[in-house]
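Novice: This structure is in structure tokens; I'll ask about it shortly.
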Amino acid sequence: MEEKSLMFRLAVLSLCAVQCFAANKALGTLYRWKQIDYEFPTTLDRLAAIQNGDFIQQNAIILGVERWKDRLFVSTPAWKRGVPATLSSLPINAESESAPLRPYPSWEWHNAGNCTGFTSIFRMAIDHCGTMWVLDSGQVEAFETPRQLCPPSLIAIDVETDRVIARHVIPPEFVLQNSLISNLVVDSRDALCKDTHVYIADTWRNGLIVYRASDAAFWRFSHFTFLPEPLMSNYTLHGLNFQWTDGIFGMSLGKLHNGDRPLYYHAMSSAREFVVPTSVIRNQTRVSNAVGEFKALRGDRGDIGQVSAAAIDRNGVMFFNLVSQDSIGCWNTLKPYEIENLGIVAHNDKTLIFPNDLRLDHEIPQRAWIISNRLPMYQFNLIDPNEYNFRIMYLDLKKAVQDSVCQN
Ligand SMILES: *[C@@H]1O[C@H](CO)[C@@H](O)[C@H](O)[C@H]1NC(C)=O
Ligand SMILES: *[C@@H]1O[C@H](CO)[C@@H](O)[C@H](O)[C@H]1NC(C)=O
Ligand SMILES: *[C@@H]1O[C@H](CO)[C@@H](O)[C@H](O)[C@H]1NC(C)=O
């Protein structure tokens, strides 16, 4: 294990020697903020919100990102008091690098505790038909005194018309005590998105919840490969040492082949990657008889190999956020998952501190959208408001893998 992690670090260094110039050019910052701000109806409304505690600027943090055509969508979970809106949009043609977030679809939807509106959104996934699938935890002040105001829900928004088209409460039998319903990927295959499924990770109670859009049904898998690894739960980065026992979190969908496609996944506190055929998890009757279908890939990312989000592009290359290394990694899924086949496509110890979300858009050429948000510093109240703390970055996928081990 030690030897492997050393090899991984050497791979980082040698890759950088060859590639850092190219990699730096592949990664760009579109937006960055010292502190998050919102576009209030008027300046007076903003001041009033600050005065009455509805807006406490240092408590807002960006977490999830998505892109559809000329807009980005960004979530700001209500983890501490004073987050006035939880989902916003931003133009893709940034006029100001620290533009205020515009609450989406409008301010009326942002009234925590009104359970037809939004309470605390973690992440979003947009399918190729323009439906944004949104996970609302329903809980506020998770980092202070948690209050569950509404049940966790999966919300569907049409991003062409900006209409909320459906809200599905996750059935209580699939939400356990202390569940953290944190991440989702959408599996849309047919041209009209009739046969859409959403796969949802329960990071604290180690479950995989499947949603089938055709009849709005949910079911839940448990498996030992969803659990965190003890030693990988000990994180050290930028002088901070903390323990997060986070289970299944990052998920990415491979290419469709003979009517099936793989779902790759990993616990956040883990150095390993796993895979299950989606034909298995899409079959509700397999919930209690699929234990042998969840498989470990061979390689091990080493002792600082924790990964948050991951996604696979049209060429079958997986991109993943190495949270303890300020880096974005790559793996060509056509090759075995082994340390020598993993590359680093971007590394920056200022702009990539805690890369958190990573999504691929539906454009040609395709780009990755990344949020880095210094989450551990936010959790321990160590955010310095004089520095740029929160970034929306993009990665040119072609440039990123050029001459790397991930190139086809
Ligand atoms: C709750 O939110 C919905 C959606 O924005 C809105 O139509 C409704 O008026 C709100 N209800 C209350 C009591 O605020
Ligand atoms: C956790 O990490 C810290 C800092 O690297 C280290 O001192 C400590 O021994 C680790 N704990 C375990 C159980 O590995
Ligand atoms: C679902 O799984 C069951 C076994 O539990 C199997 O008999 C059935 O053929 C599967 N259905 C599909 C559509 O693959």
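FYI, nothing fancy with the structure tokens labels: chains A, B, ... in order, residues from 1 per chain, ligands from 1 as they appear.
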Around ligand 2, out to 7 Å and counting only C-alpha atoms and all ligand atoms, which residues are there? I want them as a compact mmCIF listing (two decimals) with N, CA and C atoms, in the first residue's frame.

Specialist:
# COMPACT_ATOMS: atom_id res chain seq x y z
N LEU A 231 -8.80 3.48 7.57
CA LEU A 231 -7.63 4.37 7.49
C LEU A 231 -7.82 5.48 6.47
N ASN A 234 -9.22 9.05 7.61
CA ASN A 234 -8.31 9.99 8.27
C ASN A 234 -7.70 10.89 7.19
N TYR A 235 -8.18 12.12 7.08
CA TYR A 235 -7.76 13.02 6.01
C TYR A 235 -6.72 14.02 6.52
N THR A 236 -5.71 14.27 5.70
CA THR A 236 -4.74 15.31 6.02
C THR A 236 -4.54 16.16 4.78
N ASN A 241 -6.06 18.05 9.87
CA ASN A 241 -6.28 16.61 10.00
C ASN A 241 -7.69 16.42 10.55

Novice: List as number ranges by chain the protein and nucleic acid residues near Leu375 (chain A), meaning an atom at most 9 Å away when only C-alpha atoms are counted, but skip any in the same chain fewer than 4 places from it.

Specialist: A: 61, 63, 353-356, 379-380

Novice: Would you give me, as number ranges by chain, the residues in region 176-333 of chain A that DSSP reads as helix (DSSP H, G or I)?

Specialist: A: 224-226, 231-233, 278-281, 284-286, 291-293

Novice: Within 7 Å of Ile170 (chain A), counting only C-alpha atoms, which residues show up once you throw out same-chain ones fewer than 3 positions away? Write them as number ranges by chain, please.

Specialist: A: 152-154, 174

Novice: Please, which residues have at least one atom within 9 Å of an atom of ligand 1, using only C-alpha atoms and all ligand atoms, listed as a list in words?

Specialist: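 Within the 9 Å cut-off, the matching residues are Ser106, Trp107, Glu108, Trp109, His110, Asn111, Gly113, Asn114, Cys115, Thr116, Gly117 and Phe118 of chain A.
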
Novice: Let me see if you get this right: every residue at most 9 Å from ligand 3, counting only C-alpha atoms and all ligand atoms, written as a PyMOL selection string.

Specialist: chain A and resi 279-280+282-290

Novice: In region 189-273 of chain A, what's strand (DSSP E) per DSSP? Answer as JSON, numbers by chain?

Specialist: {"A": [197, 198, 199, 200, 201, 202, 207, 208, 209, 210, 211, 212, 217, 218, 219, 220, 221, 222, 234, 235, 236, 237, 240, 241, 242, 243, 248, 249, 250, 251, 252, 253, 262, 263, 264, 265, 266, 267]}

Novice: Could you turn the residues from that selection into a file that holds C-alpha atoms, as an mmCIF file, in the first residue's frame?

Specialist:
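Here's the written file result31.cif:
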data_model
loop_
_atom_site.group_PDB
_atom_site.id
_atom_site.type_symbol
_atom_site.label_atom_id
_atom_site.label_comp_id
_atom_site.auth_asym_id
_atom_site.auth_seq_id
_atom_site.Cartn_x
_atom_site.Cartn_y
_atom_site.Cartn_z
ATOM 1 C CA HIS A 197 -33.264 6.217 -13.984
ATOM 2 C CA VAL A 198 -31.537 8.212 -11.259
ATOM 3 C CA TYR A 199 -28.963 6.581 -8.955
ATOM 4 C CA ILE A 200 -28.655 8.243 -5.553
ATOM 5 C CA ALA A 201 -25.928 7.716 -2.931
ATOM 6 C CA ASP A 202 -26.614 7.554 0.812
ATOM 7 C CA GLY A 207 -26.979 2.719 0.396
ATOM 8 C CA LEU A 208 -27.684 3.077 -3.306
ATOM 9 C CA ILE A 209 -31.213 4.299 -4.026
ATOM 10 C CA VAL A 210 -32.598 3.779 -7.531
ATOM 11 C CA TYR A 211 -35.400 5.931 -8.968
ATOM 12 C CA ARG A 212 -37.271 4.867 -12.112
ATOM 13 C CA ALA A 217 -40.717 3.981 -8.204
ATOM 14 C CA PHE A 218 -37.806 3.864 -5.729
ATOM 15 C CA TRP A 219 -35.819 0.969 -4.323
ATOM 16 C CA ARG A 220 -32.593 0.631 -2.333
ATOM 17 C CA PHE A 221 -29.507 -1.576 -2.437
ATOM 18 C CA SER A 222 -27.087 -2.194 0.390
ATOM 19 C CA ASN A 234 -8.311 9.991 8.274
ATOM 20 C CA TYR A 235 -7.761 13.019 6.007
ATOM 21 C CA THR A 236 -4.743 15.307 6.023
ATOM 22 C CA LEU A 237 -4.635 18.344 3.747
ATOM 23 C CA LEU A 240 -5.677 20.083 8.640
ATOM 24 C CA ASN A 241 -6.282 16.614 10.000
ATOM 25 C CA PHE A 242 -9.873 15.426 10.286
ATOM 26 C CA GLN A 243 -11.904 12.254 10.137
ATOM 27 C CA ILE A 248 -20.626 5.564 -1.219
ATOM 28 C CA PHE A 249 -20.432 8.957 -2.856
ATOM 29 C CA GLY A 250 -18.908 9.279 -6.345
ATOM 30 C CA MET A 251 -20.691 7.534 -9.205
ATOM 31 C CA SER A 252 -20.063 7.575 -12.953
ATOM 32 C CA LEU A 253 -21.702 5.834 -15.885
ATOM 33 C CA PRO A 262 -21.572 -0.105 -15.973
ATOM 34 C CA LEU A 263 -22.012 2.122 -12.931
ATOM 35 C CA TYR A 264 -18.634 2.803 -11.326
ATOM 36 C CA TYR A 265 -18.716 3.973 -7.734
ATOM 37 C CA HIS A 266 -16.601 4.530 -4.641
ATOM 38 C CA ALA A 267 -16.930 5.506 -1.031
#

Novice: Considering only C-alpha atoms, return as a VMD selection string whatever protein or nucleic-acid residues lie within 9 Å of Gly305 (chain A), sequence-local ones (same chain, fewer than 2 positions apart) excluded.

Specialist: chain A and resid 5 8 232 269 to 272 300 to 303 307 322 to 325

Novice: Using only C-alpha atoms, which residues sit within 12 Å of Ile364 (chain A) once same-chain residues fewer than 5 positions away are excluded, as a list of chain:residue names?

Specialist: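 Answer for this query is A:Lys69, A:Asp313, A:Arg314, A:Asp396, A:Leu397, A:Lys398.
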
Novice: Tell me, in Å to one decimal, how far CA of Pro151 (chain A) is from CA of Val65 (chain A).

Specialist: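 Taking CA of Pro151 (chain A) as the start and CA of Val65 (chain A) as the end point, the length is 22.5 Å.
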